[in-house]
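K.L.:
I'd like to ask you about the structure that follows.
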Amino acid sequence: MGAIANYLQFLKKIDLLRTIRWILAVGISAVLLYLPLDYFEFYLYDLRVRLRPPPPISQQIETIIINPVSVQAFKGEPTLKEHLQLLYQLQKEKPKVVVYLINPNEISGTISEKAQFAALAGTFSGFYFLNNTDDLLMKGEVERLDLPGPLKSIKVLTGPITVDSKVFAQDGVTRRMMLTYQGNILFHPYIASQLIPERAQPKNIRGSFEFYDSEQAYIDMAPAKSFPKTNFVDVVRANYPIQRFHDTVVFIGTDLGKSTKEYVKTPYSRSVTAMTVVEAHANMLNTLIQNSSPRKPPFWVEALLLFLLVVLSVEVVLAMKPIKGLLVIGLTFLLLVIISFVAFWPFGLWINMAHPILGIFISYYFLIPYRLIVENRKSWELFQKNKLLTQVEELKTNFMGMMSHDLKTPLARIQGMIEIAGRDKNPLSEDQKKALKSIRQSTDDLLNLISSILNFSRLESQGAHLNLKSKDINLLVEEVIVKCTDLAAAKSIRLVKDLEPLFSVKLDPDLIRQVIFNLVENAIKYSPDNSEVKIKSEEKEGMVRVIVVDQGMGIPADELSKLFMKFFRSRNAKNSNIKGSGLGLYLSRYFVELHKGRLTAASEEGKGSTFVIELPT
Ligand code: ADP
C-alpha cells in the first residue's frame, strides 16, 4: 500500500508537461534514427568535401594517360609495340610499382609481342594489371582472373571502383574503396603496404568499416586533375623531366572519352566525366598513404547529439517566445553546421548532419501548430473573461448609480426631520442637541459620498465635455480658497497663497475649479490641526502650474503608484476616521488630462504631500 501511495506521490510531483516534452523528443529522435536519409546526408558530405581545402597529395603517385593527343601521334590507339616502348622508357626510371589499368590482353599485338611484354613486365620491382571490374575472386578461386597465354606471368590484382548506385546514397557517385573481400586483401592496401608496411592491416587504416563480406573505407577525395599526369606519347618520346617516375607508383590508363567506364562521378561533380578512373585509383591509394580516410563517430554519439537537439527544439517551440525561439533555433542550426564542418576539416570526422537538421525542422514545424492551438485557446479564454469583466463592471456602475439615487430620497427626508426636530418648541437637552448635530454631520458625509458616486457614474457613462473659456487660473484658486476657509478654520489650518501673476489660459472653469477644490480639500482633510496648506501658482516652460503643498499624513511610498486609481484610498486614510470615496483624484486626473495637462503627486508618509496641476498655455 505504502509503495503505491509513494508512487502516486511521485507521479503528482513530476511536471507532466515537461515529461510529455521529453517523451516527445525521445519519440521523434527514435523515429528519425530509423529514417534512411542517405541521399541527403551524402549530399551534405559532398558539400563538406567541396568546401574544405583539398587534401595533401603524395609525391609518390604518377599517372600516364592515353588521351586523344597520344592517339593522334600514333595514328591510332597505342599497340603493344608502343606499350613496349613505354615500358623500356619506364624501366630506366626504376619506378616502385607500375599499375596497368588497361588489360594487356586487349592491346593489339602479336603473340611474340605479348611474350615480350610479359618478360619486360617481369623486370620491374612491381608490375600489376589492376582488374577494375566488380568481378571479385571468391574464396577458393585463385587463378580465374589471370591473363591468358604468354601474359599469365603478369600479376593481376582486384580493386573495384565502388559506385553508390544501389547502396548508400544511390546517386552513382564514387566515395568508397574496398580494402578486403572475404578476408583477402585487395589492390589499394596491398600497394600502400609496399610503401608503408602497416597499411596491410585494415584495422590500421583510419575509418575502415565492415560492409557485407568486405572491409571498406571512404576516399579522402581530391579535386580532379590534382595528381601529376604525363601523356603516353610524351613518355614514349622521353619528353618529360627525366627521373620523374623514379620510386613512384605509376598508374597507366586512358582518358579517351570513349566509354563511361573510363570515368567516375565524385563528391565534387556529378558530371559523367568528372574524374578519370586512373585518378580515382590514385585518390584511393593517396588516402591510404596519408591515412586520411574520413571516419564516423560511434553511433551512440550521433544518437545523443540528435536527441539533445530535438529536446532543445521541442523546449524552444513549446516554452519560448516565438522570436527568441526562432533565434535560438537559428543559432543552434548554425552551430551544428559550423561543428560539422570544423570536425570534417581538419579532423576528418564525419558527423551526421541530415538527421539533426531534420530533427530540428520536424520539431519546429510539427509543434508550432500545436502551440498556436494552445495559445489561441488561451487568448480566447482571456477574451471571454474580459467580456465578462466588462459586463460586471457595467452592472456595478449601473447598480451604484441606481442605489445612490434611491438613497438620496430617504436621506433628504432624514435631514428634513432633523430640521423639524431642531425647531421644536420644547427646548432640547444638551445631549439631544449633540445627537442631532452628529446625525446631521453623518447625513452630510453620506450625501457627499452619494453625489460623488452619482457624478462619477454620469461621467463614466456620458464622458465629460469641455466648455473652454479664457480664464486666469489665479481667480479659480482664489474662489476655492474662499470656499475652503471654513473647512480650514475648523482645524485651525493656515491657507497660505503664493500666486504669480499669470496670463489667461483656455480651460473649462467648472472642471478645473473642481480639481483645485479637490486638492485643497484633501490637503485640509488629511492634515493635522494647526498645520499649513500652501497654494502656489506659477508659469514654467510653457505650462501653468498650481501647486498644493500640505504637512499632512502623506501617502505610503508603496501606494503612490495607485494614487490616481478609481476608489483608491491609502492605508493610513482608511485607518483614520476621515471619510472619502477614493474618486476625487481619479476624476481630477481625468479632467486635467482632458485639457492635455498633467496631474502629479509627491509625498512622504508622515511629512506631507505635494500635488501639481500642469496645464498647457
Ligand atoms: P478621498 O479623499 O475621497 O478618499 P481622493 O481620490 O481625493 O479620495 O484621494 C484618494 C486617496 O488619496 C485618499 O483616500 C487618501 O488616502 C489619499 N490622499 C489624497 N490627497 C491626500 C493628501 N493631501 N494627503 C494624504 N493623502 C492624500
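Labels used: A, B, ... for chains in the order of the C-alpha cells, numbers from 1 for residues in each chain, and numbers from 1 for ligands as shown.
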Set the distance at 10 Å and use only C-alpha atoms: which residues neighbour segment 515-519 of chain A once local chain neighbours fewer than 6 positions away are removed? I'd like the list as a PyMOL selection string.
P.N.:
chain A and resi 473+476-477+479-481+483-484+509+525+535+546-550+584-585+587-592+599+610-613
K.L.:
Pull N, CA and C atoms from the residues just selected and write them as an mmCIF file, in the first residue's frame.
P.N.:
```cif
data_model
loop_
_atom_site.group_PDB
_atom_site.id
_atom_site.type_symbol
_atom_site.label_atom_id
_atom_site.label_comp_id
_atom_site.auth_asym_id
_atom_site.auth_seq_id
_atom_site.Cartn_x
_atom_site.Cartn_y
_atom_site.Cartn_z
ATOM 1 N N ILE A 473 -6.227 81.505 -14.095
ATOM 2 C CA ILE A 473 -6.376 80.387 -13.161
ATOM 3 C C ILE A 473 -6.296 80.862 -11.704
ATOM 4 N N LEU A 476 -9.608 81.243 -10.137
ATOM 5 C CA LEU A 476 -10.209 79.976 -9.695
ATOM 6 C C LEU A 476 -9.639 79.591 -8.336
ATOM 7 N N VAL A 477 -8.297 79.786 -8.194
ATOM 8 C CA VAL A 477 -7.651 79.435 -6.920
ATOM 9 C C VAL A 477 -8.265 80.267 -5.795
ATOM 10 N N GLU A 479 -11.209 81.632 -5.645
ATOM 11 C CA GLU A 479 -12.567 81.158 -5.343
ATOM 12 C C GLU A 479 -12.529 79.932 -4.436
ATOM 13 N N VAL A 480 -11.612 79.002 -4.768
ATOM 14 C CA VAL A 480 -11.515 77.761 -3.981
ATOM 15 C C VAL A 480 -11.096 78.089 -2.549
ATOM 16 N N ILE A 481 -10.118 79.042 -2.425
ATOM 17 C CA ILE A 481 -9.633 79.372 -1.077
ATOM 18 C C ILE A 481 -10.785 79.935 -0.225
ATOM 19 N N LYS A 483 -13.901 79.309 -0.597
ATOM 20 C CA LYS A 483 -14.832 78.227 -0.312
ATOM 21 C C LYS A 483 -14.313 77.327 0.824
ATOM 22 N N CYS A 484 -12.979 77.241 0.924
ATOM 23 C CA CYS A 484 -12.401 76.304 1.894
ATOM 24 C C CYS A 484 -12.090 76.964 3.239
ATOM 25 N N PRO A 509 -13.655 76.253 -16.708
ATOM 26 C CA PRO A 509 -13.522 76.747 -15.331
ATOM 27 C C PRO A 509 -14.175 75.814 -14.313
ATOM 28 N N LYS A 525 -8.147 68.019 4.636
ATOM 29 C CA LYS A 525 -8.711 66.802 5.222
ATOM 30 C C LYS A 525 -7.633 65.907 5.836
ATOM 31 N N ILE A 535 -0.739 77.187 -1.257
ATOM 32 C CA ILE A 535 -1.234 77.068 -2.626
ATOM 33 C C ILE A 535 -0.460 78.054 -3.474
ATOM 34 N N VAL A 546 -0.450 74.862 -10.805
ATOM 35 C CA VAL A 546 -0.995 75.152 -9.482
ATOM 36 C C VAL A 546 -0.456 74.062 -8.568
ATOM 37 N N ILE A 547 0.194 74.504 -7.470
ATOM 38 C CA ILE A 547 0.834 73.525 -6.590
ATOM 39 C C ILE A 547 0.202 73.619 -5.205
ATOM 40 N N VAL A 548 -0.217 72.461 -4.697
ATOM 41 C CA VAL A 548 -0.823 72.426 -3.358
ATOM 42 C C VAL A 548 0.086 71.594 -2.454
ATOM 43 N N VAL A 549 0.617 72.254 -1.394
ATOM 44 C CA VAL A 549 1.562 71.563 -0.509
ATOM 45 C C VAL A 549 0.960 71.518 0.891
ATOM 46 N N ASP A 550 0.976 70.315 1.481
ATOM 47 C CA ASP A 550 0.475 70.250 2.869
ATOM 48 C C ASP A 550 1.498 69.582 3.779
ATOM 49 N N GLY A 584 -12.101 61.249 -5.977
ATOM 50 C CA GLY A 584 -11.699 62.638 -6.271
ATOM 51 C C GLY A 584 -10.456 62.728 -7.143
ATOM 52 N N LEU A 585 -9.393 62.038 -6.762
ATOM 53 C CA LEU A 585 -8.141 62.159 -7.521
ATOM 54 C C LEU A 585 -8.269 61.517 -8.906
ATOM 55 N N LEU A 587 -10.938 61.386 -10.751
ATOM 56 C CA LEU A 587 -11.645 62.321 -11.631
ATOM 57 C C LEU A 587 -10.776 63.541 -11.928
ATOM 58 N N SER A 588 -10.020 64.010 -10.907
ATOM 59 C CA SER A 588 -9.172 65.194 -11.105
ATOM 60 C C SER A 588 -8.174 64.944 -12.237
ATOM 61 N N ARG A 589 -7.546 63.782 -12.172
ATOM 62 C CA ARG A 589 -6.557 63.497 -13.221
ATOM 63 C C ARG A 589 -7.254 63.411 -14.582
ATOM 64 N N TYR A 590 -8.422 62.788 -14.571
ATOM 65 C CA TYR A 590 -9.184 62.652 -15.816
ATOM 66 C C TYR A 590 -9.487 64.035 -16.411
ATOM 67 N N PHE A 591 -9.932 64.973 -15.539
ATOM 68 C CA PHE A 591 -10.264 66.323 -16.014
ATOM 69 C C PHE A 591 -9.021 67.041 -16.539
ATOM 70 N N VAL A 592 -7.903 66.918 -15.809
ATOM 71 C CA VAL A 592 -6.676 67.619 -16.222
ATOM 72 C C VAL A 592 -6.180 67.054 -17.555
ATOM 73 N N LEU A 599 -1.454 65.788 -13.965
ATOM 74 C CA LEU A 599 -1.628 65.939 -12.524
ATOM 75 C C LEU A 599 -0.706 64.937 -11.857
ATOM 76 N N THR A 610 2.635 66.883 -1.939
ATOM 77 C CA THR A 610 2.600 67.993 -2.890
ATOM 78 C C THR A 610 1.867 67.510 -4.133
ATOM 79 N N PHE A 611 0.837 68.215 -4.552
ATOM 80 C CA PHE A 611 0.131 67.887 -5.789
ATOM 81 C C PHE A 611 0.343 69.019 -6.776
ATOM 82 N N VAL A 612 0.620 68.655 -8.044
ATOM 83 C CA VAL A 612 0.898 69.685 -9.047
ATOM 84 C C VAL A 612 -0.044 69.515 -10.240
ATOM 85 N N ILE A 613 -0.789 70.598 -10.551
ATOM 86 C CA ILE A 613 -1.597 70.600 -11.775
ATOM 87 C C ILE A 613 -0.778 71.354 -12.815
#
```
K.L.:
Counting only C-alpha atoms and all ligand atoms, what residues are within 7 Å of ligand 1, given as an MDAnalysis selection string?
P.N.:
chainID A and resid 518:519 522:523 526:527 550 552:555 563:564 567:574 579:586 608:609
K.L.:
To one decimal place in Å, what is the distance between atom CA of Ser537 of chain A and atom CA of Glu500 of chain A?
P.N.:
5.7 Å
K.L.:
Residues of segment 398-573 of chain A in strand (DSSP E) according to DSSP, as an NGL selection string?
P.N.:
:A and (469-471 or 494-499 or 505-507 or 532-540 or 543-549)
K.L.:
Write out, as a tab-separated table (two decimals), in the first residue's frame, the residues just selected, with C-alpha atoms.
P.N.:
```
chain	number	residue	atom	x	y	z
A	469	LYS	CA	-13.14	79.71	-21.77
A	470	SER	CA	-10.19	82.05	-21.42
A	471	LYS	CA	-9.64	82.37	-17.69
A	494	ARG	CA	-3.49	78.32	7.70
A	495	LEU	CA	-4.18	78.62	3.99
A	496	VAL	CA	-1.11	80.37	2.53
A	497	LYS	CA	-1.32	81.56	-1.05
A	498	ASP	CA	1.61	82.49	-3.23
A	499	LEU	CA	0.22	83.43	-6.63
A	505	VAL	CA	-5.49	80.12	-20.23
A	506	LYS	CA	-8.18	78.35	-22.21
A	507	LEU	CA	-9.86	75.94	-19.82
A	532	GLU	CA	-0.22	74.88	6.97
A	533	VAL	CA	-1.51	74.35	3.44
A	534	LYS	CA	0.29	76.32	0.76
A	535	ILE	CA	-1.23	77.07	-2.63
A	536	LYS	CA	1.12	78.36	-5.29
A	537	SER	CA	0.68	79.27	-8.91
A	538	GLU	CA	3.41	79.85	-11.47
A	539	GLU	CA	4.25	79.62	-15.15
A	540	LYS	CA	7.18	77.48	-16.24
A	543	MET	CA	2.92	75.37	-18.60
A	544	VAL	CA	0.71	77.00	-15.99
A	545	ARG	CA	1.02	75.24	-12.65
A	546	VAL	CA	-1.00	75.15	-9.48
A	547	ILE	CA	0.83	73.52	-6.59
A	548	VAL	CA	-0.82	72.43	-3.36
A	549	VAL	CA	1.56	71.56	-0.51
```
K.L.:
Please, which residues of segment 77-177 of chain A, numbered as in this document, come out helix (DSSP H, G or I) from DSSP, as a ChimeraX atom specification?
P.N.:
/A:80-93,104-106,111-121,149-153
K.L.:
Just N, CA and C atoms for this one: save the residues we selected as a JSON list (two decimals), in the first residue's frame.
P.N.:
```json
[["chain", "number", "residue", "atom", "x", "y", "z"],
["A", 80, "LEU", "N", 50.74, -2.86, -78.88],
["A", 80, "LEU", "CA", 51.73, -3.44, -77.96],
["A", 80, "LEU", "C", 53.12, -2.90, -78.23],
["A", 81, "LYS", "N", 53.37, -2.61, -79.52],
["A", 81, "LYS", "CA", 54.70, -2.08, -79.89],
["A", 81, "LYS", "C", 54.98, -0.81, -79.08],
["A", 82, "GLU", "N", 54.01, 0.12, -79.11],
["A", 82, "GLU", "CA", 54.21, 1.38, -78.38],
["A", 82, "GLU", "C", 54.25, 1.14, -76.87],
["A", 83, "HIS", "N", 53.45, 0.20, -76.40],
["A", 83, "HIS", "CA", 53.49, -0.12, -74.97],
["A", 83, "HIS", "C", 54.86, -0.64, -74.58],
["A", 84, "LEU", "N", 55.44, -1.46, -75.49],
["A", 84, "LEU", "CA", 56.79, -1.97, -75.20],
["A", 84, "LEU", "C", 57.77, -0.81, -75.08],
["A", 85, "GLN", "N", 57.62, 0.17, -76.01],
["A", 85, "GLN", "CA", 58.50, 1.35, -75.96],
["A", 85, "GLN", "C", 58.32, 2.08, -74.63],
["A", 86, "LEU", "N", 57.05, 2.17, -74.20],
["A", 86, "LEU", "CA", 56.76, 2.85, -72.93],
["A", 86, "LEU", "C", 57.47, 2.15, -71.78],
["A", 87, "LEU", "N", 57.36, 0.81, -71.79],
["A", 87, "LEU", "CA", 57.96, 0.06, -70.69],
["A", 87, "LEU", "C", 59.49, 0.19, -70.70],
["A", 88, "TYR", "N", 60.09, 0.18, -71.91],
["A", 88, "TYR", "CA", 61.54, 0.36, -71.99],
["A", 88, "TYR", "C", 61.94, 1.67, -71.33],
["A", 89, "GLN", "N", 61.17, 2.71, -71.68],
["A", 89, "GLN", "CA", 61.48, 4.03, -71.13],
["A", 89, "GLN", "C", 61.30, 4.03, -69.61],
["A", 90, "LEU", "N", 60.19, 3.42, -69.17],
["A", 90, "LEU", "CA", 59.91, 3.40, -67.73],
["A", 90, "LEU", "C", 60.94, 2.59, -66.95],
["A", 91, "GLN", "N", 61.40, 1.52, -67.61],
["A", 91, "GLN", "CA", 62.37, 0.64, -66.97],
["A", 91, "GLN", "C", 63.59, 1.43, -66.48],
["A", 92, "LYS", "N", 63.95, 2.42, -67.33],
["A", 92, "LYS", "CA", 65.13, 3.23, -66.98],
["A", 92, "LYS", "C", 64.88, 4.06, -65.72],
["A", 93, "GLU", "N", 63.60, 4.37, -65.50],
["A", 93, "GLU", "CA", 63.26, 5.28, -64.38],
["A", 93, "GLU", "C", 63.22, 4.55, -63.03],
["A", 104, "PRO", "N", 46.31, -5.87, -70.80],
["A", 104, "PRO", "CA", 47.34, -6.09, -71.85],
["A", 104, "PRO", "C", 46.85, -7.06, -72.92],
["A", 105, "ASN", "N", 45.92, -7.93, -72.52],
["A", 105, "ASN", "CA", 45.42, -8.91, -73.48],
["A", 105, "ASN", "C", 44.53, -8.27, -74.54],
["A", 106, "GLU", "N", 44.06, -7.06, -74.24],
["A", 106, "GLU", "CA", 43.16, -6.39, -75.19],
["A", 106, "GLU", "C", 43.90, -5.37, -76.05],
["A", 111, "ILE", "N", 51.59, -12.51, -80.72],
["A", 111, "ILE", "CA", 51.88, -13.39, -79.58],
["A", 111, "ILE", "C", 53.26, -13.09, -79.05],
["A", 112, "SER", "N", 54.20, -12.90, -79.97],
["A", 112, "SER", "CA", 55.59, -12.69, -79.51],
["A", 112, "SER", "C", 55.71, -11.35, -78.79],
["A", 113, "GLU", "N", 54.93, -10.37, -79.27],
["A", 113, "GLU", "CA", 54.95, -9.07, -78.57],
["A", 113, "GLU", "C", 54.38, -9.24, -77.16],
["A", 114, "LYS", "N", 53.38, -10.08, -77.04],
["A", 114, "LYS", "CA", 52.79, -10.33, -75.72],
["A", 114, "LYS", "C", 53.81, -10.96, -74.80],
["A", 115, "ALA", "N", 54.54, -11.92, -75.37],
["A", 115, "ALA", "CA", 55.57, -12.59, -74.57],
["A", 115, "ALA", "C", 56.63, -11.59, -74.14],
["A", 116, "GLN", "N", 56.99, -10.72, -75.09],
["A", 116, "GLN", "CA", 58.00, -9.69, -74.79],
["A", 116, "GLN", "C", 57.50, -8.76, -73.67],
["A", 117, "PHE", "N", 56.18, -8.41, -73.79],
["A", 117, "PHE", "CA", 55.56, -7.51, -72.81],
["A", 117, "PHE", "C", 55.64, -8.13, -71.41],
["A", 118, "ALA", "N", 55.27, -9.43, -71.36],
["A", 118, "ALA", "CA", 55.28, -10.12, -70.06],
["A", 118, "ALA", "C", 56.70, -10.20, -69.51],
["A", 119, "ALA", "N", 57.64, -10.46, -70.40],
["A", 119, "ALA", "CA", 59.04, -10.59, -69.95],
["A", 119, "ALA", "C", 59.53, -9.25, -69.40],
["A", 120, "LEU", "N", 59.19, -8.18, -70.14],
["A", 120, "LEU", "CA", 59.63, -6.86, -69.72],
["A", 120, "LEU", "C", 58.98, -6.49, -68.38],
["A", 121, "ALA", "N", 57.68, -6.84, -68.26],
["A", 121, "ALA", "CA", 56.96, -6.55, -67.00],
["A", 121, "ALA", "C", 57.66, -7.22, -65.83],
["A", 149, "GLY", "N", 47.54, -17.10, -71.80],
["A", 149, "GLY", "CA", 48.71, -17.30, -72.66],
["A", 149, "GLY", "C", 49.98, -16.72, -72.10],
["A", 150, "PRO", "N", 50.73, -16.05, -73.02],
["A", 150, "PRO", "CA", 52.05, -15.55, -72.62],
["A", 150, "PRO", "C", 51.98, -14.48, -71.51],
["A", 151, "LEU", "N", 50.79, -13.90, -71.30],
["A", 151, "LEU", "CA", 50.70, -12.82, -70.31],
["A", 151, "LEU", "C", 50.45, -13.34, -68.89],
["A", 152, "LYS", "N", 50.34, -14.67, -68.77],
["A", 152, "LYS", "CA", 49.94, -15.28, -67.49],
["A", 152, "LYS", "C", 50.85, -14.88, -66.33],
["A", 153, "SER", "N", 52.10, -14.58, -66.66],
["A", 153, "SER", "CA", 53.05, -14.28, -65.58],
["A", 153, "SER", "C", 52.79, -12.90, -64.95]]
```
K.L.:
Enter the distance from atom CA of Lys296 of chain A to atom CA of Ser58 of chain A, in Å, rounded to one decimal.
P.N.:
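Computing the Euclidean distance for atom CA of Lys296 of chain A and atom CA of Ser58 of chain A yields 23.9 Å.
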K.L.:
Can you tell me, as number ranges by chain, what residues are no more than 10 Å from Glu394 of chain A when counting only C-alpha atoms, ignoring any on the same chain fewer than 4 positions away?
P.N.:
A: 388-390, 398-400, 457, 460-461
K.L.:
Please save N, CA, C and O atoms of the selected residues as a compact mmCIF listing (two decimals), in the first residue's frame.
P.N.:
```
# COMPACT_ATOMS: atom_id res chain seq x y z
N LEU A 388 -16.70 39.19 -19.76
CA LEU A 388 -17.45 39.03 -18.54
C LEU A 388 -17.16 40.19 -17.58
O LEU A 388 -18.07 40.78 -16.99
N LEU A 389 -15.86 40.52 -17.47
CA LEU A 389 -15.46 41.59 -16.56
C LEU A 389 -16.10 42.91 -16.95
O LEU A 389 -16.56 43.67 -16.10
N THR A 390 -16.11 43.18 -18.27
CA THR A 390 -16.71 44.43 -18.73
C THR A 390 -18.18 44.47 -18.35
O THR A 390 -18.69 45.49 -17.89
N ASN A 398 -23.98 50.70 -13.02
CA ASN A 398 -25.43 50.95 -13.07
C ASN A 398 -26.05 50.80 -11.69
O ASN A 398 -26.85 51.62 -11.24
N PHE A 399 -25.61 49.71 -11.05
CA PHE A 399 -26.16 49.40 -9.74
C PHE A 399 -25.87 50.55 -8.76
O PHE A 399 -26.75 51.01 -8.03
N MET A 400 -24.60 51.02 -8.81
CA MET A 400 -24.22 52.09 -7.89
C MET A 400 -25.04 53.35 -8.15
O MET A 400 -25.51 54.02 -7.23
N SER A 457 -20.63 58.16 -11.87
CA SER A 457 -21.34 57.26 -12.77
C SER A 457 -21.76 57.99 -14.03
O SER A 457 -21.67 57.45 -15.14
N GLU A 460 -18.75 58.47 -16.20
CA GLU A 460 -18.32 57.20 -16.80
C GLU A 460 -19.17 56.86 -18.01
O GLU A 460 -18.68 56.39 -19.02
N SER A 461 -20.48 57.10 -17.86
CA SER A 461 -21.35 56.68 -18.96
C SER A 461 -21.41 57.72 -20.07
O SER A 461 -21.47 57.38 -21.24
```
K.L.:
Using only C-alpha atoms, pick whichever of A:Ile357, A:Val316, A:Leu395, A:Ile578 has the shortest atom-to-atom distance to Ser442 of chain A.
P.N.:
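Closest candidate: A:Ile578.
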K.L.:
Need to verify the contact set: Gly207 of chain A, 10 Å, only C-alpha atoms, exclusion of same-chain residues closer than 4 positions in sequence. Can you return it as a list in words?
P.N.:
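Counting only C-alpha atoms, the residues come to Pro202, Lys203, Gln216, Ala217, Tyr218, Ile219, Asn291, Ser292, Ser293, Pro294, Arg295, Lys296, Pro297, Gly348, Leu349 and Trp350 of chain A.
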